[in-house]
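Trainee: Below is the file final17.tsv, with TSV, C-alpha atoms and all ligand atoms.
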chain	number	residue	atom	x	y	z
A	1	MET	CA	-26.87	-23.21	9.05
A	2	LEU	CA	-25.94	-26.84	9.42
A	3	VAL	CA	-24.54	-28.97	6.62
A	4	ASN	CA	-23.98	-32.57	7.68
A	5	GLY	CA	-24.15	-31.40	11.29
A	6	LYS	CA	-21.52	-28.64	10.86
A	7	ALA	CA	-22.38	-24.91	11.05
A	8	TYR	CA	-21.47	-22.94	7.94
A	9	ARG	CA	-21.85	-19.43	6.68
A	10	THR	CA	-21.99	-18.81	2.95
A	11	VAL	CA	-18.83	-16.68	2.93
A	12	TRP	CA	-16.13	-15.95	5.50
A	13	PHE	CA	-12.55	-14.78	5.96
A	14	GLU	CA	-9.80	-17.16	7.06
A	15	LYS	CA	-6.14	-16.21	7.54
A	16	ASP	CA	-5.20	-14.55	4.24
A	17	ARG	CA	-8.12	-15.57	2.07
A	18	VAL	CA	-11.86	-15.35	1.44
A	19	ARG	CA	-13.62	-18.71	1.57
A	20	MET	CA	-17.10	-19.41	0.26
A	21	ILE	CA	-19.44	-22.28	-0.51
A	22	ASN	CA	-19.30	-23.05	-4.23
A	23	GLN	CA	-22.97	-22.73	-5.16
A	24	LEU	CA	-22.29	-23.90	-8.71
A	25	LEU	CA	-21.70	-27.42	-7.40
A	26	LEU	CA	-24.93	-27.73	-5.43
A	27	PRO	CA	-27.06	-29.75	-4.91
A	28	HIS	CA	-24.92	-32.71	-5.91
A	29	LYS	CA	-21.61	-31.72	-4.31
A	30	PHE	CA	-20.73	-29.55	-1.34
A	31	GLY	CA	-17.43	-27.74	-1.83
A	32	ILE	CA	-15.58	-24.67	-0.56
A	33	VAL	CA	-13.48	-22.35	-2.73
A	34	ASP	CA	-10.45	-20.43	-1.47
A	35	LEU	CA	-9.93	-17.00	-2.99
A	36	LYS	CA	-6.58	-15.34	-2.52
A	37	GLY	CA	-7.00	-12.19	-4.60
A	38	VAL	CA	-9.62	-9.52	-5.21
A	39	LYS	CA	-9.94	-10.57	-8.84
A	40	ASP	CA	-10.81	-14.09	-7.68
A	41	VAL	CA	-13.56	-12.67	-5.45
A	42	ALA	CA	-14.87	-10.50	-8.29
A	43	ASP	CA	-14.91	-13.49	-10.67
A	44	ALA	CA	-16.75	-15.59	-8.07
A	45	ILE	CA	-19.48	-12.95	-7.80
A	46	ARG	CA	-19.73	-12.48	-11.57
A	47	ASN	CA	-19.83	-16.22	-12.29
A	48	MET	CA	-22.29	-16.84	-9.45
A	49	VAL	CA	-20.09	-19.13	-7.37
A	50	ILE	CA	-21.74	-16.93	-4.75
A	51	ARG	CA	-25.05	-15.21	-5.47
A	52	GLY	CA	-28.02	-13.68	-3.69
A	53	ALA	CA	-28.05	-10.04	-2.59
A	54	PRO	CA	-26.84	-10.17	1.04
A	55	ALA	CA	-24.29	-12.90	0.22
A	56	ILE	CA	-22.63	-10.86	-2.53
A	57	GLY	CA	-22.74	-7.84	-0.20
A	58	ALA	CA	-20.63	-9.73	2.33
A	59	ALA	CA	-18.37	-11.07	-0.45
A	60	GLY	CA	-17.83	-7.48	-1.61
A	61	ALA	CA	-16.97	-6.39	1.94
A	62	TYR	CA	-14.51	-9.27	2.34
A	63	GLY	CA	-13.05	-8.52	-1.09
A	64	VAL	CA	-12.17	-4.96	-0.06
A	65	ALA	CA	-10.71	-6.30	3.21
A	66	LEU	CA	-8.58	-8.76	1.24
A	67	ALA	CA	-7.17	-5.90	-0.85
A	68	ALA	CA	-6.34	-3.95	2.32
A	69	LEU	CA	-4.64	-7.00	3.83
A	70	LYS	CA	-2.44	-7.32	0.77
A	71	GLY	CA	-1.60	-3.61	0.79
A	72	GLU	CA	-3.42	-3.04	-2.52
A	73	ASP	CA	-5.37	0.03	-3.64
A	74	VAL	CA	-8.77	-0.44	-1.97
A	75	GLN	CA	-10.56	2.01	-4.26
A	76	LYS	CA	-9.42	0.06	-7.31
A	77	ALA	CA	-10.48	-3.17	-5.63
A	78	ALA	CA	-13.87	-1.65	-4.83
A	79	ASP	CA	-14.35	-0.57	-8.46
A	80	MET	CA	-13.54	-4.07	-9.67
A	81	LEU	CA	-15.99	-5.63	-7.21
A	82	ARG	CA	-18.71	-3.09	-8.05
A	83	SER	CA	-18.47	-3.88	-11.75
A	84	THR	CA	-19.44	-7.55	-11.27
A	85	ARG	CA	-23.23	-7.38	-11.00
A	86	PRO	CA	-25.35	-4.24	-11.31
A	87	THR	CA	-28.67	-4.92	-9.59
A	88	ALA	CA	-28.31	-5.94	-5.93
A	89	ASN	CA	-27.92	-2.91	-3.67
A	90	ASP	CA	-26.29	-5.01	-0.96
A	91	LEU	CA	-23.15	-5.44	-3.06
A	92	PHE	CA	-22.52	-1.69	-3.10
A	93	TYR	CA	-23.59	-1.34	0.53
A	94	GLY	CA	-21.16	-4.01	1.73
A	95	ILE	CA	-18.24	-2.55	-0.26
A	96	ASP	CA	-18.96	0.98	1.00
A	97	TYR	CA	-19.24	-0.24	4.58
A	98	VAL	CA	-15.58	-1.31	4.56
A	99	LEU	CA	-14.41	1.74	2.58
A	100	ASP	CA	-16.16	4.02	5.10
A	101	ALA	CA	-14.42	2.27	7.99
A	102	LEU	CA	-11.08	2.92	6.29
A	103	LYS	CA	-11.66	6.66	5.91
A	104	GLY	CA	-8.98	8.53	7.85
A	105	ALA	CA	-7.33	5.29	9.02
A	106	GLU	CA	-3.55	5.29	9.45
A	107	ALA	CA	-1.78	3.02	6.96
A	108	LYS	CA	-0.43	0.68	9.62
A	109	GLN	CA	-3.91	0.10	11.07
A	110	SER	CA	-5.81	-0.22	7.83
A	111	LYS	CA	-5.46	-4.02	7.50
A	112	ALA	CA	-6.93	-4.69	10.92
A	113	ILE	CA	-9.64	-2.06	10.46
A	114	ALA	CA	-10.72	-3.44	7.08
A	115	ILE	CA	-10.90	-7.03	8.28
A	116	LYS	CA	-12.83	-6.06	11.38
A	117	ALA	CA	-15.25	-3.96	9.30
A	118	ALA	CA	-15.90	-6.86	6.91
A	119	GLU	CA	-16.47	-9.23	9.85
A	120	ASP	CA	-18.78	-6.70	11.52
A	121	TYR	CA	-20.71	-6.32	8.30
A	122	ALA	CA	-21.15	-10.08	7.86
A	123	ASN	CA	-22.23	-10.45	11.49
A	124	TRP	CA	-24.70	-7.60	11.16
A	125	SER	CA	-26.11	-9.09	7.95
A	126	ALA	CA	-26.56	-12.54	9.51
A	127	ARG	CA	-28.28	-11.02	12.56
A	128	ALA	CA	-30.58	-8.92	10.37
A	129	CYS	CA	-31.69	-12.05	8.51
A	130	GLU	CA	-32.31	-13.89	11.78
A	131	ASP	CA	-34.51	-11.00	12.94
A	132	ILE	CA	-36.35	-11.06	9.60
A	133	GLY	CA	-37.01	-14.74	10.34
A	134	HIS	CA	-38.72	-14.00	13.64
A	135	TYR	CA	-40.84	-11.15	12.27
A	136	GLY	CA	-41.82	-13.19	9.23
A	137	ALA	CA	-42.69	-16.27	11.30
A	138	SER	CA	-45.22	-14.18	13.23
A	139	LEU	CA	-47.23	-13.86	9.99
A	140	MET	CA	-47.61	-17.62	9.67
A	141	GLY	CA	-50.42	-19.70	11.08
A	142	GLU	CA	-49.96	-23.14	12.64
A	143	GLU	CA	-50.30	-24.67	9.16
A	144	THR	CA	-48.98	-22.50	6.36
A	145	ASN	CA	-48.20	-23.17	2.72
A	146	VAL	CA	-45.59	-20.72	1.48
A	147	LEU	CA	-44.69	-20.15	-2.17
A	148	THR	CA	-41.22	-18.76	-2.86
A	149	HIS	CA	-39.24	-17.81	-5.94
A	150	CYS	CA	-35.51	-18.13	-6.66
A	151	ASN	CA	-33.27	-18.89	-3.70
A	152	ALA	CA	-33.63	-16.41	-0.88
A	153	GLY	CA	-32.39	-18.79	1.78
A	154	TRP	CA	-29.19	-18.87	3.75
A	155	LEU	CA	-27.08	-19.52	0.64
A	156	ALA	CA	-28.27	-16.16	-0.71
A	157	CYS	CA	-27.23	-14.46	2.53
A	158	VAL	CA	-24.49	-14.85	5.10
A	159	ASP	CA	-26.82	-17.04	7.14
A	160	TRP	CA	-30.58	-17.68	7.70
A	161	GLY	CA	-31.86	-16.15	4.46
A	162	THR	CA	-34.45	-13.50	3.73
A	163	ALA	CA	-37.62	-15.16	2.36
A	164	LEU	CA	-36.68	-18.53	3.86
A	165	ALA	CA	-35.65	-17.19	7.29
A	166	PRO	CA	-39.34	-16.98	8.38
A	167	VAL	CA	-39.84	-20.53	7.10
A	168	TYR	CA	-36.92	-21.78	9.22
A	169	ALA	CA	-38.01	-19.79	12.28
A	170	ALA	CA	-41.66	-20.93	12.04
A	171	SER	CA	-40.66	-24.53	11.50
A	172	ARG	CA	-38.37	-24.42	14.58
A	173	ASP	CA	-41.33	-22.93	16.50
A	174	GLY	CA	-43.19	-26.14	15.69
A	175	LYS	CA	-45.45	-24.79	12.95
A	176	LYS	CA	-46.34	-27.06	10.06
A	177	ILE	CA	-44.89	-25.36	7.01
A	178	PHE	CA	-45.00	-26.57	3.42
A	179	VAL	CA	-43.08	-24.74	0.70
A	180	PHE	CA	-43.89	-24.53	-3.00
A	181	VAL	CA	-40.47	-23.95	-4.56
A	182	ASP	CA	-40.51	-22.27	-7.98
A	183	GLU	CA	-37.74	-23.94	-9.99
A	184	THR	CA	-36.76	-20.46	-11.29
A	185	ARG	CA	-35.60	-20.71	-14.85
A	186	PRO	CA	-33.15	-20.06	-16.34
A	187	ARG	CA	-30.57	-20.78	-13.61
A	188	LEU	CA	-32.82	-22.95	-11.46
A	189	GLN	CA	-31.87	-21.46	-8.09
A	190	GLY	CA	-35.13	-22.82	-6.65
A	191	ALA	CA	-34.73	-26.39	-7.88
A	192	LYS	CA	-31.01	-26.56	-7.12
A	193	LEU	CA	-30.49	-24.45	-4.01
A	194	THR	CA	-33.78	-23.85	-2.20
A	195	SER	CA	-34.74	-27.51	-2.31
A	196	TRP	CA	-31.25	-28.46	-1.05
A	197	GLU	CA	-31.59	-26.05	1.87
A	198	LEU	CA	-35.07	-27.30	2.73
A	199	MET	CA	-33.92	-30.93	2.53
A	200	ASN	CA	-31.17	-30.11	5.04
A	201	GLU	CA	-33.72	-28.56	7.39
A	202	LYS	CA	-36.19	-31.41	6.78
A	203	ILE	CA	-38.93	-28.99	5.74
A	204	PRO	CA	-41.62	-30.51	3.49
A	205	HIS	CA	-41.68	-28.91	0.06
A	206	ALA	CA	-42.26	-29.51	-3.63
A	207	VAL	CA	-40.30	-28.07	-6.52
A	208	ILE	CA	-42.74	-26.80	-9.13
A	209	ALA	CA	-42.24	-25.60	-12.67
A	210	ASP	CA	-42.43	-21.80	-12.71
A	211	ASN	CA	-45.57	-22.08	-14.81
A	212	ALA	CA	-47.35	-24.09	-12.08
A	213	ALA	CA	-47.34	-21.33	-9.44
A	214	GLY	CA	-50.52	-19.75	-10.82
A	215	HIS	CA	-52.29	-23.10	-10.78
A	216	TYR	CA	-51.64	-23.62	-7.06
A	217	MET	CA	-52.54	-20.03	-6.21
A	218	TYR	CA	-55.79	-20.27	-8.18
A	219	ARG	CA	-56.65	-23.44	-6.24
A	220	LYS	CA	-55.99	-21.55	-2.97
A	221	GLU	CA	-53.35	-24.07	-1.94
A	222	VAL	CA	-50.90	-21.25	-1.23
A	223	SER	CA	-51.39	-19.29	2.03
A	224	MET	CA	-48.77	-16.66	1.32
A	225	VAL	CA	-45.97	-15.78	-1.09
A	226	ILE	CA	-42.59	-14.65	0.29
A	227	VAL	CA	-39.72	-13.59	-1.92
A	228	GLY	CA	-36.45	-11.76	-1.35
A	229	ALA	CA	-35.27	-8.57	-3.05
A	230	ASP	CA	-32.18	-7.28	-4.77
A	231	ARG	CA	-33.16	-3.66	-4.47
A	232	ILE	CA	-36.10	-1.78	-3.01
A	233	ALA	CA	-36.70	1.72	-4.34
A	234	SER	CA	-37.85	4.71	-2.35
A	235	ASN	CA	-41.48	4.29	-3.49
A	236	GLY	CA	-41.54	0.64	-2.33
A	237	ASP	CA	-41.08	-0.96	-5.76
A	238	VAL	CA	-39.20	-4.25	-5.45
A	239	VAL	CA	-36.56	-5.48	-7.88
A	240	ASN	CA	-36.05	-9.23	-7.60
A	241	LYS	CA	-35.39	-12.36	-9.63
A	242	ILE	CA	-37.05	-12.45	-13.02
A	243	GLY	CA	-40.55	-13.89	-12.68
A	244	THR	CA	-41.27	-12.25	-9.32
A	245	TYR	CA	-43.62	-9.71	-10.91
A	246	GLU	CA	-45.78	-12.46	-12.43
A	247	LYS	CA	-46.11	-14.19	-9.04
A	248	ALA	CA	-47.20	-10.91	-7.46
A	249	VAL	CA	-49.86	-10.31	-10.09
A	250	VAL	CA	-51.27	-13.81	-9.70
A	251	ALA	CA	-51.17	-13.52	-5.90
A	252	LYS	CA	-53.14	-10.27	-6.10
A	253	ASP	CA	-55.73	-11.83	-8.41
A	254	ASN	CA	-56.23	-14.59	-5.86
A	255	ALA	CA	-56.16	-12.38	-2.73
A	256	ILE	CA	-53.03	-14.18	-1.48
A	257	PRO	CA	-50.72	-11.95	0.58
A	258	PHE	CA	-47.45	-11.23	-1.21
A	259	TYR	CA	-44.54	-10.40	1.13
A	260	VAL	CA	-40.98	-9.35	0.42
A	261	ALA	CA	-38.27	-10.10	2.99
A	262	ALA	CA	-35.14	-7.94	2.90
A	263	PRO	CA	-32.64	-6.27	5.21
A	264	SER	CA	-32.08	-2.51	5.15
A	265	SER	CA	-28.93	-3.05	3.03
A	266	THR	CA	-31.27	-3.80	0.11
A	267	VAL	CA	-33.10	-0.47	0.32
A	268	ASP	CA	-31.87	2.26	-2.02
A	269	LEU	CA	-33.58	5.56	-1.35
A	270	SER	CA	-31.60	7.19	-4.16
A	271	LYS	CA	-33.81	5.34	-6.65
A	272	GLU	CA	-37.20	6.99	-6.81
A	273	THR	CA	-38.87	3.97	-8.44
A	274	GLY	CA	-37.91	0.45	-9.48
A	275	ASP	CA	-37.70	1.59	-13.10
A	276	SER	CA	-34.41	3.39	-12.49
A	277	VAL	CA	-32.67	0.29	-11.07
A	278	PRO	CA	-30.25	-1.30	-13.57
A	279	ILE	CA	-31.45	-4.74	-14.61
A	280	GLU	CA	-28.68	-7.23	-15.29
A	281	GLU	CA	-28.89	-8.88	-18.71
A	282	ARG	CA	-27.11	-12.24	-18.60
A	283	ASP	CA	-25.79	-14.41	-21.39
A	284	GLU	CA	-28.40	-15.86	-23.74
A	285	SER	CA	-26.87	-19.32	-23.35
A	286	GLU	CA	-28.57	-19.58	-19.92
A	287	VAL	CA	-31.94	-19.59	-21.74
A	288	LEU	CA	-30.98	-21.51	-24.87
A	289	PHE	CA	-29.44	-24.39	-22.89
A	290	VAL	CA	-30.65	-26.50	-20.01
A	291	GLY	CA	-27.46	-27.68	-18.39
A	292	LYS	CA	-25.16	-28.66	-21.23
A	293	GLU	CA	-27.98	-29.44	-23.62
A	294	ARG	CA	-29.14	-26.89	-26.14
A	295	VAL	CA	-32.96	-26.95	-26.17
A	296	ALA	CA	-33.67	-24.07	-28.55
A	297	ALA	CA	-33.52	-24.47	-32.30
A	298	PRO	CA	-30.08	-24.00	-33.82
A	299	GLY	CA	-29.53	-20.30	-34.54
A	300	ALA	CA	-32.39	-19.11	-32.26
A	301	LYS	CA	-31.62	-16.02	-30.17
A	302	ALA	CA	-32.68	-15.42	-26.58
A	303	LYS	CA	-33.15	-12.54	-24.14
A	304	ASN	CA	-32.16	-13.04	-20.54
A	305	PRO	CA	-33.04	-10.29	-18.04
A	306	ALA	CA	-32.06	-11.55	-14.58
A	307	PHE	CA	-34.47	-9.35	-12.57
A	308	ASP	CA	-37.81	-7.58	-12.87
A	309	VAL	CA	-39.72	-4.84	-11.06
A	310	THR	CA	-42.73	-5.58	-8.86
A	311	PRO	CA	-44.68	-2.38	-8.24
A	312	ALA	CA	-45.25	-1.46	-4.58
A	313	ARG	CA	-49.04	-1.74	-5.02
A	314	LEU	CA	-48.75	-5.52	-5.34
A	315	VAL	CA	-46.72	-5.95	-2.14
A	316	LYS	CA	-48.57	-6.44	1.14
A	317	GLY	CA	-45.56	-5.89	3.38
A	318	ILE	CA	-41.79	-5.80	3.53
A	319	ILE	CA	-40.33	-7.92	6.30
A	320	THR	CA	-37.19	-6.14	7.53
A	321	GLU	CA	-34.90	-6.63	10.53
A	322	ASN	CA	-36.84	-3.82	12.24
A	323	GLY	CA	-40.32	-5.21	11.67
A	324	ILE	CA	-42.90	-5.40	8.91
A	325	VAL	CA	-43.26	-2.24	6.89
A	326	SER	CA	-45.78	-1.20	4.26
A	327	PRO	CA	-43.93	-0.66	0.95
A	328	LEU	CA	-45.53	2.77	0.83
A	329	ASP	CA	-43.73	3.69	4.08
A	330	ILE	CA	-40.26	2.62	2.95
A	331	ARG	CA	-39.08	6.17	2.28
A	332	ASP	CA	-40.20	7.44	5.70
A	333	VAL	CA	-38.98	4.45	7.68
A	334	PHE	CA	-35.52	4.29	6.15
A	335	ALA	CA	-34.96	8.05	5.79
A	336	LYS	CA	-34.96	8.24	9.58
A	337	GLU	CA	-32.14	5.71	9.98
B	401	LIG	O1	-29.21	-13.93	-9.64
B	401	LIG	P1	-29.23	-14.29	-8.20
B	401	LIG	O2	-29.30	-15.75	-7.93
B	401	LIG	O3	-28.12	-13.60	-7.42
B	401	LIG	O4	-30.59	-13.67	-7.69
B	401	LIG	C1	-30.94	-13.76	-6.35
B	401	LIG	C2	-32.30	-13.25	-6.08
B	401	LIG	O5	-32.95	-12.71	-6.94
B	401	LIG	C3	-32.79	-13.34	-4.70
B	401	LIG	O6	-34.17	-13.51	-4.68
B	401	LIG	C4	-32.43	-12.01	-4.02
B	401	LIG	O7	-31.05	-11.79	-4.06
B	401	LIG	C5	-32.90	-11.91	-2.65
B	401	LIG	S1	-32.14	-13.13	-1.71
B	401	LIG	C6	-31.76	-12.98	-0.32
Can you give me the file's structure in the form of C-alpha cells?

Mentor:
Amino acid sequence: MLVNGKAYRTVWFEKDRVRMINQLLLPHKFGIVDLKGVKDVADAIRNMVIRGAPAIGAAGAYGVALAALKGEDVQKAADMLRSTRPTANDLFYGIDYVLDALKGAEAKQSKAIAIKAAEDYANWSARACEDIGHYGASLMGEETNVLTHCNAGWLACVDWGTALAPVYAASRDGKKIFVFVDETRPRLQGAKLTSWELMNEKIPHAVIADNAAGHYMYRKEVSMVIVGADRIASNGDVVNKIGTYEKAVVAKDNAIPFYVAAPSSTVDLSKETGDSVPIEERDESEVLFVGKERVAAPGAKAKNPAFDVTPARLVKGIITENGIVSPLDIRDVFAKE
C-alpha cells in the first residue's frame, strides 16, 4: 500500500535484518524499526510494534529466517517466536512454513533456503489478501456502508488486509463505500490504525465509539459487517478481537450480513470449536489507562481478554483467498487442501 506515494509492506527482510512499520507510533508518526536478532523480532510481536494475524505470521517467518542467516538454532528461535502471542494461528503457520522448508536442507544451503521460504510466505500471504479483496468486493453494492472492528487492514497483514481488502478493491472499482470504524478499546486499533489507512486511501469513514455500533445497525445504516479473524476452528467458530462477538449478535438481530475475511493460514482444523483456542489475556493497564492517563479509580482492578469467540451460526460467510465459504463448510473445504 502507498504511504506518501511510496509502496510499503508491513514487514520485510533487508540485507541482514527484519524491518517493519512501527505501529505503536501511528497515526501521528510513520517510522520503520530495524531488528537484527530473533529476540528483537519476538519482542516486537509481543509488544505489538507489529500486530494483526497475517502480519505476525510473516514476522514469525522472517524471524526464523533471521536465525538461520545468523547460524543460530532455528528450533530455539521458533520456540521463542511462538511464545509471544497465543491466539493467532497465522503466527504458528508462518513459523512452521520456514521450518518445513529447512527440513533435510544441507547446512550450507540453509540460509538461502530459509530466506527464500520467508519471502515466499510473505508473497503468498499478500496475494491471498489481494484475492480476498476481490471476492469480498463482489458482495458490495454500488453504495455500501461497511462496519468493521479492530484493524484488519494492510497493517494487520503483509499488504491489502483481510476485512479492509474488499473495501479497497470495491473503492478502486468505483463503488461508493463508507466505513464505520469501531474505535476498538482498549488498544484503539480502529481509531489509530484503520482510520489512518482509510485516510491514506481517501475512503470516507467515521470512527465510532464501540458502544455506537449497535445504534447504527439498529437504524439500518450499516449494509454489512466485515471483520478479520485470528483463528477459525474446524466447526466455523471465529476467534477475533474482543468485541467481535457483540457485533455479530447485534448484526443478527438486525438481519445485517456478518462476514469474516481471512486467509487459509488462519484456519486451524485441529481445534474442534472456538472454545479450545487460547485467548490472550493482556495487561490490565491497557483497560485502566487511556494513553498515559489512568481513568479507573485508584486501586481498581481490570480484566483484559484480547479476543473472543463468535459462534459459526452468527457468521454469514468467510471470505477466503479461494472464494466465499459458509462457516459450516470450513472443515470440508480446508481438509481437502
Ligand atoms: O491484538 P491485535 O491487534 O493483533 O488483533 C488483531 C485482530 O484481532 C484482527 O482483527 C485480526 O488479526 C485479523 S486481521 C487481519

Trainee: Can you list, as a PyMOL selection string, every protein, DNA or RNA residue that comes within 8 Å of A:Phe178 when you count all atoms listed in the file, leaving out same-chain residues fewer than 2 positions away?

Mentor: chain A and resi 144-146+176+180+203-205

Trainee: What separation in Å, quoted to one decimal, exists between atom CA of A:Tyr121 and atom CA of A:Ala88?

Mentor: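 Atom CA of A:Ala88 lies at a distance of 16.1 Å from atom CA of A:Tyr121.
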
Trainee: Report as an MDAnalysis selection string all protein, DNA and RNA residues lying within 12 Å of A:Asp332, evaluated on all atoms listed in the file, omitting residues in the same chain fewer than 4 positions from it.

Mentor: chainID A and resid 234:236 267 269 325:328 336:337

Trainee: Suppose you want the space between atom CA of A:Glu321 and atom O6 of ligand LIG 401 (chain B); what is it in Å?

Mentor: 16.7 Å

Trainee: Rounded to one decimal place, report the atom CA of A:Leu69-atom CA of A:Lys36 distance in Å.

Mentor: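 Value for the atom CA of A:Leu69-atom CA of A:Lys36 distance: 10.7 Å.
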
Trainee: Within 6 Å of ligand LIG 401 (chain B), which residues show up when you count all atoms listed in the file? List them as a PyMOL selection string, please.

Mentor: chain A and resi 51-54+150-152+156-157+161-162+228-230+240-241

Trainee: Okay, now the selection with C-alpha atoms, as an mmCIF file, in the coordinates of the input?

Mentor:
data_model
loop_
_atom_site.group_PDB
_atom_site.id
_atom_site.type_symbol
_atom_site.label_atom_id
_atom_site.label_comp_id
_atom_site.auth_asym_id
_atom_site.auth_seq_id
_atom_site.Cartn_x
_atom_site.Cartn_y
_atom_site.Cartn_z
ATOM 1 C CA ARG A 51 -25.050 -15.210 -5.470
ATOM 2 C CA GLY A 52 -28.020 -13.680 -3.690
ATOM 3 C CA ALA A 53 -28.050 -10.040 -2.590
ATOM 4 C CA PRO A 54 -26.840 -10.170 1.040
ATOM 5 C CA CYS A 150 -35.510 -18.130 -6.660
ATOM 6 C CA ASN A 151 -33.270 -18.890 -3.700
ATOM 7 C CA ALA A 152 -33.630 -16.410 -0.880
ATOM 8 C CA ALA A 156 -28.270 -16.160 -0.710
ATOM 9 C CA CYS A 157 -27.230 -14.460 2.530
ATOM 10 C CA GLY A 161 -31.860 -16.150 4.460
ATOM 11 C CA THR A 162 -34.450 -13.500 3.730
ATOM 12 C CA GLY A 228 -36.450 -11.760 -1.350
ATOM 13 C CA ALA A 229 -35.270 -8.570 -3.050
ATOM 14 C CA ASP A 230 -32.180 -7.280 -4.770
ATOM 15 C CA ASN A 240 -36.050 -9.230 -7.600
ATOM 16 C CA LYS A 241 -35.390 -12.360 -9.630
#

Trainee: Quick one: 6 Å padding each side, axis-aligned, all listed atoms of stretch 222-230 of chain A - centre and edge lengths in Å to one decimal, as AutoDock Vina command-line options?

Mentor:
--center_x -41.8 --center_y -14.3 --center_z -1.4 --size_x 31.2 --size_y 26.0 --size_z 18.8

Trainee: Given the choices A:Lys303, A:Lys6, A:Lys192, A:Arg331, which gets closest to A:His28 if the distance is worked out from all atoms listed in the file?

Mentor: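 Among the listed residues, A:Lys192 lies closest to A:His28.
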
Trainee: What lies within 6 Å of A:Thr266 using all atoms listed in the file, ignoring chain neighbours under 3 positions off, as number ranges by chain?

Mentor: A: 89-90, 231, 263

Trainee: Given all atoms listed in the file as the basis, pick out the residue of A:Ile242, A:Ile324, A:Ala117, A:Ala128 nearest to A:Ile95.

Mentor: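 Going through A:Ile242, A:Ile324, A:Ala117, A:Ala128 one by one, the smallest distance to A:Ile95 is for A:Ala117.
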
Trainee: Give the answer as one residue: which of A:Leu66, A:Met1, A:Val225, A:Leu147 has the shortest atom-to-atom distance to A:Lys15, using all atoms listed in the file?

Mentor: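 For A:Lys15, the nearest of the candidates is A:Leu66.
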
Trainee: Could you check the closest approach to A:Ala251 for each of A:Ala206, A:Ala105, A:Ile226, A:Val287 and tell me which residue wins, using all atoms listed in the file?

Mentor: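 Checking each candidate against A:Ala251, we get A:Ile226 as the closest.
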
Trainee: Looking at only C-alpha atoms, which of A:Ile319, A:Leu26, A:Ala65, A:Ala209 is the one that sits closest to A:Leu81?

Mentor: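 Closest to A:Leu81, using only C-alpha atoms: A:Ala65.
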
Trainee: A:Met140, A:Ile115, A:Val290, A:Ile256: which is nearest A:Pro186, counting only C-alpha atoms?

Mentor: A:Val290

Trainee: Excluding A:Pro86 and any residue of its chain fewer than 5 positions from it, enumerate the residues within 8 Å of it, using all atoms listed in the file, and give them as a ChimeraX atom specification.

Mentor: /A:278-280

Trainee: Could you pull out every residue with an atom within 9 Å of (-17.1, -1.2, -0.4), file coordinates, counting all atoms listed in the file, and send them as a ChimeraX atom specification?

Mentor: /A:57,60-65,74-75,77-79,81-82,91-100

Trainee: Compile the contact shell of A:Thr310 as a ChimeraX atom specification: residues with an atom at most 10 Å away, counting only C-alpha atoms, same-chain residues fewer than 6 positions apart removed.

Mentor: /A:229,232,236-240,242-249,274-275
